[in-house]
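In what follows, a single structure is set out as structure tokens and then discussed.
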Amino acid sequence: MSFNDGAQLDPSQVEDRRGSGMGRGTKIGGGIGGGIVVLLLALFGINPNILGDLGGGGTAPPAIDSGSGSGGVQECKTGADADKRLDCRITGTVNSLNAFWPDYLAQYNVKYSKPGTVIFDQVTSTGCGQATTAVGPFYCPADVKAYFDPGFFDELVTRFGSSGGPLAQEYVVAHEFGHHIQNILGNLDRAQQDPQGPQSGGVRVELQADCYAGLWVRYASTQADPATGKPFLDPITQQDLQDALSAASAVGDDRIQQAATGRVSPESWTHGSSAQRQKWFSQGYSTGDINKCDTFGVATP
């Protein structure tokens with residue numbers, strides 16, 4: 001989805017660590033249980049054990065400035081910037097999510113607290129330990145922050161075969177914020193229940209985050225920018241939806257396993273199949289109802 005050119009971005013909601021040398025930290029595994037670390041620090045739809053085995057594929061994304069200028073995200077001022085620069089698009093999506101979720105959750109007497117958002121490159125320290133580019137986007141409940149390396153979004157296209165459209169990228173951000181909503185609602189730790197396999201708690205947690213991402217998309221083009229009273233994002237198009245579904249499909253466990261090893265092993269799934277990920281994103285988008293995102297209340301997610 002493209003941004004309204006006149007939308008006013010708030011870069012203070014994003015911490016830019018690129019080039020800051022903030023890479024020192026303890027190894028992954030300290031602080032919280034190993035199962036949840038593997039789940040949350042895996043690529044938001046990808047098993048890190050097979051990440052390095054994937055070959056190329058897909059079509060190169062449209063040229064977009066990743067935002068490596070000296071000013072970093074502080075240069076992200078308007079929706080027009082978000083349409084031109086990837087780091088500004090991440091910033092604008094964060095702004096939209098932080099504007100949407102408080103009012104939505106208030107209907108259920110749930111108070112929303114903003115998560116931290118960090119843009120980094122190469123390596124960074126987190127409350128869940130040291131993280132590198134290889135783990136992709138992730139949410140760390142220990143420090144309540146979502147982490148994004150802009151380089152991943154090229155990987156999403158060139159290695160995993162997603163489209164390069166804007167909603168494919170915005171979906172990634174919304175998915176990680178979905179984990180924050182689960183943290184608020186007390187569902188995130190259910191990922192530790194039988195953390196592997198197609199019916200596992202881990203898969204159900206990931207699919208619910210996909211559903212929450214779809215729910216945000218349902219309302220994103222009508223969610224007002226507090227500074228202007230106008231929507232952050234332009235109306236959604238069919239191409240936007242196809243872009244999001246392409247991203248959801250690209251990071252299905254079955255598709256990644258097939259590409260990496262030539263076979264599919266459902267018993268080792270941690271995030272769900274391509275079809276499941278598309279299904280639950282669509283569920284959130286089509287219903288706009290968080291109660292319809294109960295992946296734990298169905299026999300087969």
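In the structure tokens, the first chain shown is A, the next is B, and so on; residue numbers restart at 1 for each chain, and ligands run from 1 in the order shown.
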At most 9 Å is the cut-off: for each residue in segment 145-204 of chain A with any atom that close to an atom of segment 121-133 of chain A, write down the nearest atom pair and the distance in Å rounded to one decimal, counting only C-alpha atoms, chain first then increasing number, as CSV.
```
residue,atom,partner,partner_atom,distance
A:Lys145,CA,A:Thr126,CA,8.4
A:Tyr147,CA,A:Thr126,CA,8.8
A:Phe148,CA,A:Asp121,CA,8.2
A:Asp149,CA,A:Asp121,CA,5.3
A:Pro150,CA,A:Asp121,CA,7.4
A:Gly151,CA,A:Asp121,CA,7.5
A:Phe152,CA,A:Thr133,CA,7.3
```
Store the residues picked out above, limited to N, CA, C and O atoms, as a PDB file, in the first residue's frame.
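Saved as out_30.pdb:
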```pdb
ATOM      1  N   LYS A 145      10.717  -5.213  21.919  1.00  0.00           N
ATOM      2  CA  LYS A 145      11.113  -4.469  20.735  1.00  0.00           C
ATOM      3  C   LYS A 145      11.036  -5.366  19.499  1.00  0.00           C
ATOM      4  O   LYS A 145      11.280  -6.570  19.580  1.00  0.00           O
ATOM      5  N   TYR A 147      12.652  -5.877  15.671  1.00  0.00           N
ATOM      6  CA  TYR A 147      13.926  -5.588  15.012  1.00  0.00           C
ATOM      7  C   TYR A 147      13.831  -5.868  13.518  1.00  0.00           C
ATOM      8  O   TYR A 147      13.307  -6.904  13.099  1.00  0.00           O
ATOM      9  N   PHE A 148      14.381  -4.931  12.718  1.00  0.00           N
ATOM     10  CA  PHE A 148      14.329  -5.061  11.268  1.00  0.00           C
ATOM     11  C   PHE A 148      15.663  -4.653  10.652  1.00  0.00           C
ATOM     12  O   PHE A 148      16.180  -3.571  10.931  1.00  0.00           O
ATOM     13  N   ASP A 149      16.221  -5.530   9.815  1.00  0.00           N
ATOM     14  CA  ASP A 149      17.361  -5.192   8.980  1.00  0.00           C
ATOM     15  C   ASP A 149      16.816  -4.954   7.573  1.00  0.00           C
ATOM     16  O   ASP A 149      16.261  -5.875   6.961  1.00  0.00           O
ATOM     17  N   PRO A 150      16.931  -3.743   7.027  1.00  0.00           N
ATOM     18  CA  PRO A 150      16.361  -3.476   5.700  1.00  0.00           C
ATOM     19  C   PRO A 150      16.859  -4.421   4.621  1.00  0.00           C
ATOM     20  O   PRO A 150      16.156  -4.663   3.637  1.00  0.00           O
ATOM     21  N   GLY A 151      18.065  -4.981   4.795  1.00  0.00           N
ATOM     22  CA  GLY A 151      18.578  -5.906   3.802  1.00  0.00           C
ATOM     23  C   GLY A 151      17.712  -7.135   3.618  1.00  0.00           C
ATOM     24  O   GLY A 151      17.723  -7.766   2.555  1.00  0.00           O
ATOM     25  N   PHE A 152      16.928  -7.485   4.647  1.00  0.00           N
ATOM     26  CA  PHE A 152      16.064  -8.656   4.546  1.00  0.00           C
ATOM     27  C   PHE A 152      15.050  -8.523   3.425  1.00  0.00           C
ATOM     28  O   PHE A 152      14.687  -9.509   2.781  1.00  0.00           O
TER      29      PHE A 152
END
```
Which polymer residues have any atom within 8 Å of an atom of Val203 of chain A, counting only C-alpha atoms, with same-chain residues fewer than 3 positions away left out, as a VMD selection string?
-> chain A and resid 191 195 to 200 206 to 207 269 to 272
Dump as an mmCIF file, in the first residue's frame, selection limited to C-alpha atoms:
```
data_model
loop_
_atom_site.group_PDB
_atom_site.id
_atom_site.type_symbol
_atom_site.label_atom_id
_atom_site.label_comp_id
_atom_site.auth_asym_id
_atom_site.auth_seq_id
_atom_site.Cartn_x
_atom_site.Cartn_y
_atom_site.Cartn_z
ATOM 1 C CA ALA A 191 4.486 -20.987 21.399
ATOM 2 C CA PRO A 195 7.036 -26.058 19.562
ATOM 3 C CA GLN A 196 7.262 -28.051 16.328
ATOM 4 C CA GLY A 197 4.855 -29.628 13.868
ATOM 5 C CA PRO A 198 1.795 -28.381 11.938
ATOM 6 C CA GLN A 199 -0.532 -28.440 14.992
ATOM 7 C CA SER A 200 1.984 -27.030 17.462
ATOM 8 C CA GLU A 206 2.840 -17.498 14.003
ATOM 9 C CA LEU A 207 -0.441 -17.913 12.144
ATOM 10 C CA TRP A 269 7.396 -26.927 10.972
ATOM 11 C CA THR A 270 7.575 -23.914 13.259
ATOM 12 C CA HIS A 271 5.597 -21.279 11.333
ATOM 13 C CA GLY A 272 3.037 -23.011 9.123
#
```
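Among A:Ala174, A:Cys211, A:Ala80, A:Ala106, the residue with the shortest atom-to-atom distance to Gly6 of chain A, counting only C-alpha atoms, is A:Ala80.
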Interface rows for segment 98-187 of chain A against segment 226-242 of chain A: nearest pair, Å to one decimal, 9 Å, only C-alpha atoms, as JSON lines:
```
{"residue": "A:Ala99", "atom": "CA", "partner": "A:Pro226", "partner_atom": "CA", "distance": 7.5}
{"residue": "A:Ser163", "atom": "CA", "partner": "A:Gln242", "partner_atom": "CA", "distance": 8.4}
{"residue": "A:Gly165", "atom": "CA", "partner": "A:Asp240", "partner_atom": "CA", "distance": 7.0}
{"residue": "A:Pro166", "atom": "CA", "partner": "A:Asp240", "partner_atom": "CA", "distance": 7.3}
{"residue": "A:Leu167", "atom": "CA", "partner": "A:Asp240", "partner_atom": "CA", "distance": 5.6}
{"residue": "A:Ala168", "atom": "CA", "partner": "A:Asp240", "partner_atom": "CA", "distance": 7.8}
```
Dump C-alpha atoms for the selected residues as an mmCIF file, in the first residue's frame?
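Result file part35.cif:
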```
data_model
loop_
_atom_site.group_PDB
_atom_site.id
_atom_site.type_symbol
_atom_site.label_atom_id
_atom_site.label_comp_id
_atom_site.auth_asym_id
_atom_site.auth_seq_id
_atom_site.Cartn_x
_atom_site.Cartn_y
_atom_site.Cartn_z
ATOM 1 C CA ALA A 99 -2.078 4.608 15.752
ATOM 2 C CA SER A 163 6.830 -9.950 -4.851
ATOM 3 C CA GLY A 165 5.444 -4.628 -3.578
ATOM 4 C CA PRO A 166 4.998 -2.267 -0.634
ATOM 5 C CA LEU A 167 2.365 -4.326 1.180
ATOM 6 C CA ALA A 168 4.669 -7.345 1.083
#
```
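The interatomic distance for the pair atom CA of Ala82 of chain A and atom CA of Ser162 of chain A works out to 20.1 Å.
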